[in-house]
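Dumped target_23.cif below, it's mmCIF, C-alpha atoms and all ligand atoms:
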```
data_upload
#
loop_
_atom_site.label_atom_id
_atom_site.label_comp_id
_atom_site.auth_asym_id
_atom_site.auth_seq_id
_atom_site.Cartn_x
_atom_site.Cartn_y
_atom_site.Cartn_z
CA MET A 18 70.97 60.32 1.37
CA LEU A 19 67.21 60.72 1.07
CA GLN A 20 65.63 64.15 1.13
CA ARG A 21 64.77 65.28 4.63
CA VAL A 22 61.58 67.20 5.27
CA GLU A 23 61.81 69.95 7.82
CA ALA A 24 58.62 70.39 9.79
CA GLU A 25 57.94 73.48 11.87
CA ARG A 26 58.18 73.32 15.65
CA LYS A 27 55.05 72.38 17.62
CA ARG A 28 54.40 72.10 21.34
CA LEU A 29 52.24 69.48 22.99
CA ALA A 30 51.27 71.95 25.72
CA ASP A 31 49.44 74.07 23.15
CA TYR A 32 46.90 71.27 22.74
CA ARG A 33 45.97 71.20 26.43
CA PRO A 34 43.02 73.62 26.14
CA ILE A 35 41.48 71.47 23.40
CA VAL A 36 42.03 67.93 24.64
CA GLY A 37 42.36 68.41 28.37
CA GLU A 38 44.98 67.72 31.00
CA GLU A 39 44.48 63.96 31.24
CA VAL A 40 45.31 63.35 27.58
CA ILE A 41 48.48 65.44 27.83
CA ALA A 42 49.58 63.74 31.04
CA GLU A 43 49.10 60.29 29.55
CA ILE A 44 51.23 61.18 26.54
CA GLU A 45 53.99 62.54 28.76
CA ARG A 46 53.94 59.40 30.87
CA LEU A 47 54.19 57.15 27.81
CA ALA A 48 56.93 59.28 26.26
CA ASP A 49 59.14 59.42 29.31
CA PRO A 50 60.95 56.07 28.87
CA LEU A 51 61.25 56.75 25.13
CA ARG A 52 63.26 59.95 25.62
CA GLY A 53 66.03 60.17 23.01
CA ALA A 54 64.65 57.29 20.91
CA ARG A 55 65.62 57.80 17.27
CA VAL A 56 62.56 57.62 15.01
CA MET A 57 62.56 58.01 11.23
CA HIS A 58 59.40 58.27 9.14
CA VAL A 59 59.72 57.53 5.43
CA ASN A 60 57.06 58.26 2.82
CA ALA A 61 56.74 59.28 -0.81
CA THR A 62 55.80 62.96 -0.76
CA PRO A 63 56.38 66.01 1.44
CA PHE A 64 52.99 67.53 0.53
CA GLY A 65 49.60 66.65 -0.92
CA GLY A 66 47.49 63.89 0.56
CA GLY A 67 46.84 62.64 4.03
CA VAL A 68 50.19 61.11 4.95
CA ALA A 69 52.15 64.31 4.48
CA GLU A 70 49.44 66.13 6.36
CA ILE A 71 49.83 63.87 9.38
CA LEU A 72 53.62 63.83 9.41
CA GLN A 73 53.76 67.62 9.42
CA THR A 74 52.39 67.53 12.93
CA LEU A 75 53.25 64.08 14.24
CA VAL A 76 57.00 64.48 13.71
CA PRO A 77 57.29 67.83 15.54
CA LEU A 78 55.14 66.57 18.41
CA MET A 79 57.25 63.43 18.75
CA ARG A 80 60.23 65.76 19.04
CA ASP A 81 58.50 67.93 21.57
CA VAL A 82 57.94 64.96 23.88
CA GLY A 83 61.63 64.07 23.74
CA LEU A 84 62.02 61.66 20.83
CA ASP A 85 64.65 62.27 18.19
CA ALA A 86 62.18 62.11 15.31
CA GLY A 87 62.69 62.91 11.64
CA TRP A 88 61.05 62.52 8.24
CA GLN A 89 62.54 61.59 4.89
CA VAL A 90 60.98 61.12 1.46
CA ILE A 91 62.01 58.60 -1.16
CA GLU A 92 63.00 59.64 -4.64
CA GLY A 93 61.67 58.47 -7.95
CA ALA A 94 61.11 59.51 -11.54
CA ASP A 95 57.74 59.53 -13.30
CA GLU A 96 58.11 55.88 -14.31
CA PHE A 97 58.23 54.95 -10.62
CA PHE A 98 55.32 57.11 -9.52
CA ASN A 99 53.21 55.84 -12.44
CA VAL A 100 53.81 52.35 -11.13
CA THR A 101 53.18 53.28 -7.49
CA LYS A 102 49.92 54.95 -8.48
CA ALA A 103 48.92 51.70 -10.20
CA CYS A 104 49.91 49.88 -7.00
CA HIS A 105 47.73 52.24 -4.99
CA ASN A 106 44.83 51.55 -7.35
CA GLY A 107 45.48 47.81 -7.49
CA LEU A 108 45.73 47.48 -3.73
CA GLN A 109 42.43 49.33 -3.43
CA GLY A 110 40.91 46.75 -5.77
CA MET A 111 41.12 48.13 -9.28
CA ASP A 112 41.19 45.52 -12.04
CA ILE A 113 44.41 46.55 -13.79
CA PRO A 114 47.46 44.57 -14.91
CA PHE A 115 50.72 44.42 -12.98
CA THR A 116 53.31 43.60 -15.60
CA ALA A 117 56.78 42.17 -15.03
CA GLU A 118 58.19 45.50 -16.15
CA MET A 119 56.13 47.40 -13.58
CA LYS A 120 57.29 45.07 -10.82
CA ASP A 121 60.86 45.57 -11.96
CA ILE A 122 60.52 49.34 -11.80
CA TRP A 123 59.06 49.19 -8.30
CA ARG A 124 61.87 46.91 -7.11
CA ARG A 125 64.58 48.97 -8.79
CA TYR A 126 63.53 52.25 -7.16
CA ASN A 127 63.01 50.62 -3.80
CA GLU A 128 66.50 49.17 -3.97
CA LEU A 129 67.89 52.54 -4.97
CA ASN A 130 66.18 54.31 -2.11
CA ALA A 131 67.20 51.60 0.33
CA VAL A 132 70.84 52.18 -0.57
CA ARG A 133 70.42 55.90 -0.01
CA PHE A 134 68.66 55.47 3.31
CA GLU A 135 71.24 56.44 5.90
CA GLY A 136 71.40 56.43 9.66
CA GLU A 137 70.57 54.14 12.54
CA TYR A 138 67.25 54.29 14.28
CA ASP A 139 65.33 52.70 17.08
CA PHE A 140 62.14 52.88 15.03
CA VAL A 141 61.73 53.22 11.28
CA VAL A 142 58.14 53.86 10.19
CA VAL A 143 57.61 53.25 6.48
CA HIS A 144 54.36 54.70 5.16
CA ASP A 145 52.30 53.12 2.40
CA PRO A 146 53.21 50.84 -0.52
CA GLN A 147 55.55 53.17 -2.43
CA PRO A 148 58.58 52.58 -0.15
CA ALA A 149 57.39 49.26 1.31
CA GLY A 150 60.50 47.48 0.00
CA LEU A 151 62.82 49.65 2.08
CA LEU A 152 63.36 47.05 4.78
CA HIS A 153 63.81 44.21 2.28
CA TYR A 154 66.54 45.99 0.35
CA HIS A 155 68.16 47.87 3.20
CA GLY A 156 68.28 45.01 5.69
CA ARG A 157 67.27 45.31 9.29
CA GLU A 158 70.72 45.34 10.88
CA ARG A 159 71.29 49.05 11.36
CA SER A 160 67.92 49.93 12.79
CA ARG A 161 66.10 48.15 15.53
CA HIS A 162 62.34 48.10 14.94
CA TRP A 163 60.70 48.29 11.54
CA ILE A 164 57.07 49.33 11.19
CA TRP A 165 54.93 49.44 8.06
CA ARG A 166 52.05 51.86 8.14
CA CYS A 167 49.28 51.31 5.60
CA HIS A 168 47.06 54.33 4.96
CA ILE A 169 45.02 52.98 2.09
CA ASP A 170 41.85 50.93 1.91
CA THR A 171 43.10 47.39 1.30
CA SER A 172 39.82 45.73 2.26
CA HIS A 173 39.19 44.43 -1.31
CA PRO A 174 42.60 44.35 -2.99
CA ASN A 175 43.29 43.07 -6.45
CA PRO A 176 45.00 39.75 -5.54
CA VAL A 177 47.74 40.23 -8.14
CA TYR A 178 48.90 43.34 -6.30
CA TRP A 179 48.29 42.01 -2.81
CA ASP A 180 50.27 38.81 -3.49
CA PHE A 181 53.18 40.87 -4.75
CA PHE A 182 53.25 43.17 -1.72
CA ALA A 183 52.44 40.63 0.99
CA PRO A 184 56.00 39.23 1.33
CA TYR A 185 57.54 42.72 1.50
CA ILE A 186 55.15 44.08 4.10
CA SER A 187 55.28 40.87 6.14
CA GLU A 188 58.96 41.41 6.86
CA TYR A 189 58.17 44.29 9.21
CA ASP A 190 58.01 43.75 12.99
CA ALA A 191 54.83 45.71 13.23
CA GLY A 192 52.01 46.73 10.94
CA ILE A 193 49.69 49.66 11.46
CA PHE A 194 46.37 49.64 9.64
CA THR A 195 43.45 52.02 9.89
CA MET A 196 40.91 49.22 10.17
CA GLU A 197 41.12 45.55 11.05
CA GLN A 198 39.60 44.51 7.72
CA TYR A 199 42.49 46.12 5.81
CA VAL A 200 44.90 43.40 6.97
CA GLY A 201 44.74 41.07 4.00
CA PRO A 202 45.46 37.35 3.61
CA GLY A 203 48.95 35.99 4.17
CA VAL A 204 50.08 38.92 6.29
CA SER A 205 50.51 38.76 10.02
CA TYR A 206 52.60 40.68 12.50
CA ASP A 207 54.02 40.10 15.95
CA HIS A 208 52.68 43.54 16.66
CA LEU A 209 49.58 44.66 14.85
CA ALA A 210 48.15 48.06 15.67
CA ILE A 211 44.86 49.47 14.46
CA ILE A 212 45.28 53.22 14.46
CA THR A 213 43.14 55.72 12.60
CA PRO A 214 44.65 58.89 11.23
CA THR A 215 43.90 62.18 12.89
CA ILE A 216 44.00 65.92 12.23
CA ASP A 217 45.91 68.72 13.86
CA PRO A 218 43.36 71.14 15.34
CA LEU A 219 46.03 73.86 15.40
CA SER A 220 47.21 73.63 11.80
CA SER A 221 46.48 76.61 9.58
CA LYS A 222 43.74 74.56 7.92
CA ASN A 223 41.93 73.65 11.11
CA VAL A 224 42.49 76.50 13.51
CA PRO A 225 39.30 78.56 13.95
CA MET A 226 38.92 81.33 11.42
CA ALA A 227 36.48 84.22 11.61
CA GLY A 228 33.46 83.54 9.39
CA LYS A 229 33.91 86.86 7.61
CA ARG A 230 37.51 86.13 6.68
CA ALA A 231 36.63 82.61 5.52
CA ARG A 232 33.85 83.98 3.33
CA GLU A 233 36.19 86.60 1.85
CA ILE A 234 38.68 83.90 0.90
CA VAL A 235 36.00 81.77 -0.72
CA ALA A 236 34.50 84.79 -2.50
CA GLY A 237 38.01 85.52 -3.80
CA SER A 238 37.84 82.24 -5.74
CA GLY A 239 34.75 83.41 -7.59
CA ILE A 240 32.07 81.86 -5.36
CA ASP A 241 28.92 83.82 -4.57
CA VAL A 242 28.82 83.40 -0.80
CA SER A 243 25.22 84.56 -0.58
CA ARG A 244 24.15 81.35 -2.36
CA PRO A 245 24.37 77.74 -1.08
CA LEU A 246 27.71 76.00 -1.50
CA ILE A 247 28.60 72.33 -1.44
CA THR A 248 32.24 71.29 -1.49
CA GLN A 249 34.40 68.24 -1.92
CA VAL A 250 38.09 68.62 -1.07
CA SER A 251 40.14 65.80 -2.59
CA ARG A 252 42.94 64.79 -4.85
CA PHE A 253 41.64 64.19 -8.38
CA ASP A 254 41.45 60.45 -8.13
CA PRO A 255 38.89 57.93 -9.39
CA TRP A 256 38.25 56.60 -5.86
CA LYS A 257 37.19 60.06 -4.71
CA ASP A 258 34.57 60.05 -7.49
CA PRO A 259 34.59 63.74 -8.46
CA LEU A 260 32.51 62.86 -11.53
CA GLY A 261 29.85 61.33 -9.29
CA VAL A 262 29.90 64.47 -7.15
CA ILE A 263 29.16 66.55 -10.23
CA ASP A 264 26.28 64.22 -11.14
CA ALA A 265 24.86 64.51 -7.62
CA TYR A 266 25.23 68.30 -7.71
CA ARG A 267 23.28 68.38 -10.99
CA ILE A 268 20.36 66.59 -9.37
CA VAL A 269 20.47 69.02 -6.44
CA LYS A 270 20.65 71.94 -8.86
CA GLY A 271 17.48 70.74 -10.58
CA ARG A 272 15.67 71.35 -7.29
CA LEU A 273 17.73 74.23 -5.89
CA PRO A 274 18.97 76.29 -8.86
CA GLY A 275 21.12 78.62 -6.75
CA VAL A 276 23.44 75.91 -5.49
CA GLN A 277 27.16 75.99 -6.31
CA LEU A 278 29.75 73.24 -6.21
CA ALA A 279 33.43 73.60 -5.34
CA LEU A 280 35.82 70.77 -6.11
CA VAL A 281 39.07 71.60 -4.38
CA GLY A 282 42.05 69.35 -4.91
CA SER A 283 45.78 69.46 -4.54
CA MET A 284 48.11 67.93 -7.08
CA ALA A 285 50.36 65.66 -5.01
CA ALA A 286 53.94 65.09 -6.10
CA ASP A 287 53.50 61.32 -6.17
CA ASP A 288 50.23 61.31 -8.11
CA PRO A 289 50.80 61.70 -11.89
CA GLU A 290 47.30 60.37 -12.59
CA GLY A 291 45.94 63.48 -10.88
CA TRP A 292 46.37 65.66 -13.96
CA TYR A 293 44.51 63.20 -16.17
CA TYR A 294 41.69 62.96 -13.68
CA LEU A 295 41.56 66.72 -13.27
CA ASP A 296 41.07 67.00 -17.04
CA ARG A 297 38.26 64.49 -16.95
CA THR A 298 36.60 66.36 -14.12
CA ILE A 299 36.80 69.68 -15.95
CA ARG A 300 35.31 68.10 -19.06
CA HIS A 301 32.52 66.56 -17.05
CA ALA A 302 31.71 69.95 -15.54
CA GLY A 303 31.39 71.47 -19.02
CA GLU A 304 30.10 75.01 -19.26
CA ASP A 305 28.45 75.21 -15.84
CA PHE A 306 30.04 78.22 -14.19
CA ASP A 307 28.56 77.31 -10.83
CA ILE A 308 31.02 74.42 -10.69
CA HIS A 309 34.35 75.69 -9.41
CA ILE A 310 37.33 73.41 -9.85
CA LEU A 311 40.31 74.66 -7.90
CA HIS A 312 43.69 73.31 -6.89
CA ASN A 313 46.98 74.37 -5.36
CA PHE A 314 48.15 75.93 -8.64
CA HIS A 315 45.30 78.44 -8.18
CA GLY A 316 46.89 79.39 -4.87
CA VAL A 317 44.53 77.15 -2.93
CA GLY A 318 46.67 76.14 0.03
CA PRO A 319 45.81 74.94 3.53
CA VAL A 320 44.21 78.20 4.67
CA GLU A 321 41.97 78.30 1.61
CA VAL A 322 41.01 74.63 2.04
CA GLY A 323 40.05 75.41 5.64
CA ALA A 324 38.02 78.42 4.48
CA PHE A 325 36.09 76.31 1.96
CA GLN A 326 35.34 73.67 4.58
CA ALA A 327 34.20 76.31 7.05
CA THR A 328 32.06 78.24 4.57
CA SER A 329 30.30 75.37 2.79
CA ASP A 330 26.76 74.50 3.75
CA VAL A 331 27.38 70.82 3.19
CA VAL A 332 30.65 68.97 2.66
CA ILE A 333 30.63 65.89 0.44
CA GLN A 334 33.14 63.05 0.34
CA LYS A 335 31.70 60.65 -2.15
CA SER A 336 34.58 58.17 -2.14
CA THR A 337 34.12 54.58 -3.25
CA ARG A 338 37.33 53.55 -1.47
CA GLU A 339 38.88 55.65 1.27
CA GLY A 340 41.69 54.73 3.65
CA PHE A 341 40.28 57.09 6.24
CA GLY A 342 39.44 60.45 4.70
CA LEU A 343 41.08 63.25 6.61
CA VAL A 344 38.99 65.71 4.67
CA VAL A 345 35.95 64.26 6.42
CA THR A 346 37.60 64.79 9.79
CA GLU A 347 38.54 68.34 8.87
CA ALA A 348 34.99 69.21 7.78
CA LEU A 349 33.38 67.67 10.87
CA TRP A 350 35.85 69.57 13.04
CA LYS A 351 34.53 72.76 11.48
CA GLY A 352 31.02 71.80 12.47
CA LYS A 353 29.91 70.79 9.00
CA PRO A 354 27.77 67.70 8.38
CA VAL A 355 29.33 65.40 5.81
CA VAL A 356 27.59 63.37 3.13
CA GLY A 357 30.10 60.57 2.70
CA GLY A 358 30.48 57.43 0.63
CA ASN A 359 29.92 54.32 2.68
CA ALA A 360 33.50 53.19 2.16
CA GLY A 361 36.69 52.53 4.10
CA GLY A 362 37.23 54.79 7.08
CA ILE A 363 34.37 57.17 6.33
CA PRO A 364 31.78 55.29 8.46
CA LEU A 365 34.09 55.63 11.46
CA GLN A 366 33.51 59.34 11.18
CA VAL A 367 30.17 59.83 9.51
CA ILE A 368 27.70 58.21 11.83
CA ASP A 369 24.67 57.96 9.63
CA GLY A 370 21.97 60.36 10.73
CA GLN A 371 24.12 61.79 13.53
CA THR A 372 27.21 63.48 12.10
CA GLY A 373 26.09 63.34 8.48
CA PHE A 374 24.82 60.73 6.05
CA LEU A 375 26.37 57.67 4.44
CA VAL A 376 25.51 57.16 0.80
CA ASP A 377 26.05 54.47 -1.82
CA SER A 378 24.91 56.18 -5.00
CA VAL A 379 24.74 59.47 -6.88
CA GLU A 380 21.01 59.68 -6.19
CA GLY A 381 21.49 59.02 -2.48
CA CYS A 382 24.20 61.64 -2.32
CA ALA A 383 21.95 64.20 -4.03
CA GLU A 384 18.97 63.42 -1.83
CA ARG A 385 20.91 63.71 1.45
CA THR A 386 22.72 66.84 0.35
CA LEU A 387 19.45 68.48 -0.61
CA HIS A 388 17.91 67.45 2.69
CA LEU A 389 20.71 69.12 4.64
CA LEU A 390 20.54 72.26 2.49
CA GLU A 391 16.82 72.48 3.16
CA HIS A 392 17.14 71.80 6.91
CA PRO A 393 19.92 74.08 8.14
CA GLU A 394 19.07 73.57 11.82
CA GLU A 395 19.41 69.83 11.53
CA ALA A 396 22.62 70.36 9.57
CA ALA A 397 24.01 72.54 12.36
CA ARG A 398 23.07 69.94 14.98
CA MET A 399 24.82 67.21 13.05
CA GLY A 400 27.84 69.42 12.52
CA ALA A 401 28.12 70.05 16.25
CA ALA A 402 27.88 66.32 16.96
CA GLY A 403 30.56 65.73 14.34
CA ARG A 404 32.91 68.21 15.94
CA GLU A 405 32.58 66.52 19.31
CA HIS A 406 33.10 63.09 17.72
CA VAL A 407 36.36 64.35 16.21
CA ARG A 408 37.47 66.02 19.44
CA ARG A 409 37.14 62.75 21.29
CA ASN A 410 38.55 60.39 18.69
CA PHE A 411 40.42 61.94 15.83
CA LEU A 412 42.83 64.61 17.05
CA ILE A 413 46.59 64.30 16.64
CA THR A 414 47.18 63.84 20.37
CA ARG A 415 45.41 60.49 20.19
CA HIS A 416 47.59 59.53 17.27
CA LEU A 417 50.76 60.45 19.14
CA ARG A 418 49.61 58.42 22.12
CA ASP A 419 48.97 55.36 19.92
CA TYR A 420 52.42 55.57 18.33
CA LEU A 421 54.08 55.89 21.72
CA SER A 422 52.15 52.85 22.96
CA LEU A 423 53.27 50.85 19.95
CA PHE A 424 56.90 51.90 20.43
CA ARG A 425 56.69 50.81 24.06
CA ARG A 426 55.22 47.46 23.01
CA LEU A 427 58.03 46.97 20.52
CA GLN A 428 60.59 47.71 23.18
CA GLY A 429 58.99 45.09 25.35
CA ASN A 430 58.05 47.78 27.78
CA VAL A 431 54.30 47.69 27.99
CA GLU A 432 53.99 49.16 31.44
CA GLY A 433 51.42 51.91 31.55
CA MET A 434 49.49 50.93 28.44
N1 LIG B 1 44.30 68.62 0.76
C1 LIG B 1 44.80 69.90 0.64
N2 LIG B 1 44.51 70.61 -0.45
C2 LIG B 1 43.73 70.14 -1.42
C3 LIG B 1 43.21 68.82 -1.31
C4 LIG B 1 43.52 68.09 -0.19
O1 LIG B 1 45.48 70.38 1.53
O2 LIG B 1 43.49 70.86 -2.40
C5 LIG B 1 44.56 67.88 2.00
C6 LIG B 1 43.28 67.66 2.76
O3 LIG B 1 42.91 68.81 3.46
C7 LIG B 1 43.64 66.46 3.64
C8 LIG B 1 44.59 65.68 2.74
O4 LIG B 1 45.07 66.59 1.74
O5 LIG B 1 44.31 66.89 4.80
C9 LIG B 1 43.89 64.52 2.08
O6 LIG B 1 43.79 63.46 2.97
P1 LIG B 1 42.69 62.33 2.82
O7 LIG B 1 42.92 61.35 3.90
O8 LIG B 1 41.33 62.93 2.78
O9 LIG B 1 42.95 61.68 1.39
P2 LIG B 1 44.25 61.13 0.63
O10 LIG B 1 44.64 62.22 -0.31
O11 LIG B 1 45.29 60.81 1.64
O12 LIG B 1 43.74 59.92 -0.11
#
```
Using the file provided, produce a representation of the structure as structure tokens.
Ligand code: UDP
Amino acid sequence: MLQRVEAERKRLADYRPIVGEEVIAEIERLADPLRGARVMHVNATPFGGGVAEILQTLVPLMRDVGLDAGWQVIEGADEFFNVTKACHNGLQGMDIPFTAEMKDIWRRYNELNAVRFEGEYDFVVVHDPQPAGLLHYHGRERSRHWIWRCHIDTSHPNPVYWDFFAPYISEYDAGIFTMEQYVGPGVSYDHLAIITPTIDPLSSKNVPMAGKRAREIVAGSGIDVSRPLITQVSRFDPWKDPLGVIDAYRIVKGRLPGVQLALVGSMAADDPEGWYYLDRTIRHAGEDFDIHILHNFHGVGPVEVGAFQATSDVVIQKSTREGFGLVVTEALWKGKPVVGGNAGGIPLQVIDGQTGFLVDSVEGCAERTLHLLEHPEEAARMGAAGREHVRRNFLITRHLRDYLSLFRRLQGNVEGM
């Protein structure tokens, strides 16, 4: 049996004051015929990274509207997660080899997990490439509808990786991608859904926090809260470009010597490369004590992440590939303008010149960050526009609605969509 993840209870009704009655009523209407439907989500890690973040809220809300929803994580040793991290990188376009041995390891662990996957479900939702072989090795007989959910930016995949994965992911009845352009060649679905991720406005990270308390938390990590602060919250991953963030910060610092940089990142269970990249980041920062590199082993959990996002003057997300970038959503929700890499799902959120700025280089990132630091009123205006953009488009209730619509489509019951 695979490890089950227990998520805390959540109630849809609690979201009414934020999203309004109409949104809640629509969800209830869609959920009604799905009452009792057995749903199982499967992914690679119970914490760290966007997928775990979403499932922590999506699963309890599915339960609250009457579905019998659960969440399980696959198992694997380092050799497997080293390969899946390479797959993640390859599918996002990195030029790296995919040896016969690596493919064997991926297949072997997928087969193993498929054998351990128990139960019968109406809907199985398999998240990301790590467990993508679950359907192939388990067979579809015991569960009714199989859905593959891709969270990564597969707009420019390395073909060696894409060609390997395409047959596995094509077996699913439905595919969910964040953007249309992520659906690569040779893959088509009877049911294709384009669904962006979302945040939970009531999670401990996103729920409003008094400014004083947020500042105390940030000060507790050694930051001088009387001086400007720029922050990037991210796993330590080449695509998030923490080294580029440091370079941009250095340019800003040349003009605004008081500025500080926080790089906050959690070490996800399925990301062995994270430690290597953390080391590189620390080395790149050198002896500059105004660069603060923090992660969950420093006690930086969700509340602290939220405090950093709320306290920073500008939030950066300088990714060069980004499935969606929940950290961007989280920062905008806190009324912070975001300087974001013009990549993947970031432009859906950062509307250039309105909710922040899109950048393509270290210099551009520095220039826009400096501009926002020097024009706090404009920064506040953009932050407010960003919050409203998120409220309308990127809250978990919208996500729940989209899943329910897809389930109804799969059941052949499209009434009410
Ligand atoms: N996160 C966190 N602590 C950290 C770093 C990240 O809780 O130190 C969370 C972050 O707040 C966000 C998620 O992990 O909710 C990252 O999701 P995103 O889509 O930005 O990137 P991914 O890691 O999935 O590539």
Requested in this report: Set the cut-off to 9 Å, count all atoms listed in the file, and list whatever residues fall near ligand LIG 1 (chain B) as number ranges by chain.
Outcome: A: 64-71, 168-169, 214, 216, 222, 249-254, 256-257, 280-285, 311-313, 317-323, 334, 339-347
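Compared by their closest atoms to Trp179 in chain A, and using only C-alpha atoms, the residues A:Val242, A:Ala117, A:Cys104, A:Ala227 rank with A:Cys104 nearest.
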Query raised in the report: Out of A:Thr116, A:Ser172, A:Asn223, A:Ser205, which residue has the shortest atom-to-atom distance to Leu412 in chain A when counting all atoms listed in the file?
Result: A:Asn223
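Ranking A:Thr101, A:Thr298, A:Ser243, A:Gln326 by their shortest atom-to-atom distance to Gly275 in chain A, with only C-alpha atoms included, puts A:Ser243 first.
For Asp307 in chain A, the list of residues within 8 Å, based on all atoms listed in the file and with local chain neighbours fewer than 2 positions off taken out, reads Ile240, Val276, Gln277, Leu278, Asp305 and His309 of chain A.
Residue nearest Ala236 in chain A within the list A:Gln89, A:Gln366, A:Ser329, A:Asn410: A:Ser329 [criterion: smallest interatomic distance, only C-alpha atoms].
Using all atoms listed in the file, the smallest distance between any of A:Leu209, A:Val59, A:Ala149, A:Val22 and Ser422 in chain A comes from A:Leu209.
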Requested in this report: Would you mind listing what lies within 12 Å of Leu129 in chain A as JSON, numbers by chain, with only C-alpha atoms counted and same-chain residues fewer than 2 positions away left out?
Outcome: {"A": [18, 19, 91, 92, 93, 94, 97, 122, 123, 124, 125, 126, 127, 131, 132, 133, 134, 148, 150, 151, 153, 154, 155]}
If you count all atoms listed in the file, which residues fall within 9 Å of Gly261 in chain A, apart from same-chain ones fewer than 4 positions away, as an mmCIF file with C-alpha atoms, keeping the file's coordinate frame?
```cif
data_model
loop_
_atom_site.group_PDB
_atom_site.id
_atom_site.type_symbol
_atom_site.label_atom_id
_atom_site.label_comp_id
_atom_site.auth_asym_id
_atom_site.auth_seq_id
_atom_site.Cartn_x
_atom_site.Cartn_y
_atom_site.Cartn_z
ATOM 1 C CA LYS A 257 37.190 60.060 -4.710
ATOM 2 C CA ALA A 265 24.860 64.510 -7.620
ATOM 3 C CA TYR A 266 25.230 68.300 -7.710
ATOM 4 C CA LYS A 335 31.700 60.650 -2.150
ATOM 5 C CA SER A 378 24.910 56.180 -5.000
ATOM 6 C CA VAL A 379 24.740 59.470 -6.880
ATOM 7 C CA CYS A 382 24.200 61.640 -2.320
#
```
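If all atoms listed in the file are the atoms counted, then among A:Lys120, A:Lys351, A:Arg161, A:Arg166 the closest residue to Tyr178 in chain A is A:Lys120.
The list of residues with at least one atom within 10 Å of Asp49 in chain A, based on all atoms listed in the file and without residues fewer than 5 positions apart in the same chain, reads Ile44, Val82, Gly83, Leu84 and Leu421 of chain A.
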Regenerate range 412-422 of chain A at the level of N, CA, C and O atoms and dump it as a PDB file, in the frame of the given file.
```
ATOM      1  N   LEU A 412      41.858  63.514  16.995  1.00  0.00           N
ATOM      2  CA  LEU A 412      42.830  64.610  17.050  1.00  0.00           C
ATOM      3  C   LEU A 412      44.233  64.032  17.215  1.00  0.00           C
ATOM      4  O   LEU A 412      44.425  62.941  17.770  1.00  0.00           O
ATOM      5  N   ILE A 413      45.205  64.769  16.748  1.00  0.00           N
ATOM      6  CA  ILE A 413      46.590  64.300  16.640  1.00  0.00           C
ATOM      7  C   ILE A 413      47.163  63.777  17.971  1.00  0.00           C
ATOM      8  O   ILE A 413      48.018  62.891  17.978  1.00  0.00           O
ATOM      9  N   THR A 414      46.674  64.298  19.075  1.00  0.00           N
ATOM     10  CA  THR A 414      47.180  63.840  20.370  1.00  0.00           C
ATOM     11  C   THR A 414      46.889  62.355  20.570  1.00  0.00           C
ATOM     12  O   THR A 414      47.707  61.619  21.126  1.00  0.00           O
ATOM     13  N   ARG A 415      45.745  61.912  20.097  1.00  0.00           N
ATOM     14  CA  ARG A 415      45.410  60.490  20.190  1.00  0.00           C
ATOM     15  C   ARG A 415      46.349  59.644  19.336  1.00  0.00           C
ATOM     16  O   ARG A 415      46.804  58.573  19.723  1.00  0.00           O
ATOM     17  N   HIS A 416      46.687  60.186  18.194  1.00  0.00           N
ATOM     18  CA  HIS A 416      47.590  59.530  17.270  1.00  0.00           C
ATOM     19  C   HIS A 416      48.981  59.368  17.886  1.00  0.00           C
ATOM     20  O   HIS A 416      49.588  58.300  17.841  1.00  0.00           O
ATOM     21  N   LEU A 417      49.448  60.452  18.473  1.00  0.00           N
ATOM     22  CA  LEU A 417      50.760  60.450  19.140  1.00  0.00           C
ATOM     23  C   LEU A 417      50.768  59.398  20.247  1.00  0.00           C
ATOM     24  O   LEU A 417      51.695  58.591  20.362  1.00  0.00           O
ATOM     25  N   ARG A 418      49.704  59.393  21.022  1.00  0.00           N
ATOM     26  CA  ARG A 418      49.610  58.420  22.120  1.00  0.00           C
ATOM     27  C   ARG A 418      49.691  56.990  21.568  1.00  0.00           C
ATOM     28  O   ARG A 418      50.417  56.147  22.103  1.00  0.00           O
ATOM     29  N   ASP A 419      48.974  56.714  20.484  1.00  0.00           N
ATOM     30  CA  ASP A 419      48.970  55.360  19.920  1.00  0.00           C
ATOM     31  C   ASP A 419      50.344  54.951  19.403  1.00  0.00           C
ATOM     32  O   ASP A 419      50.755  53.807  19.538  1.00  0.00           O
ATOM     33  N   TYR A 420      51.053  55.881  18.790  1.00  0.00           N
ATOM     34  CA  TYR A 420      52.420  55.570  18.330  1.00  0.00           C
ATOM     35  C   TYR A 420      53.335  55.282  19.526  1.00  0.00           C
ATOM     36  O   TYR A 420      54.127  54.337  19.506  1.00  0.00           O
ATOM     37  N   LEU A 421      53.217  56.099  20.546  1.00  0.00           N
ATOM     38  CA  LEU A 421      54.080  55.890  21.720  1.00  0.00           C
ATOM     39  C   LEU A 421      53.789  54.535  22.352  1.00  0.00           C
ATOM     40  O   LEU A 421      54.703  53.804  22.740  1.00  0.00           O
ATOM     41  N   SER A 422      52.517  54.171  22.407  1.00  0.00           N
ATOM     42  CA  SER A 422      52.150  52.850  22.960  1.00  0.00           C
ATOM     43  C   SER A 422      52.770  51.744  22.139  1.00  0.00           C
ATOM     44  O   SER A 422      53.284  50.768  22.682  1.00  0.00           O
TER      45      SER A 422
END
```
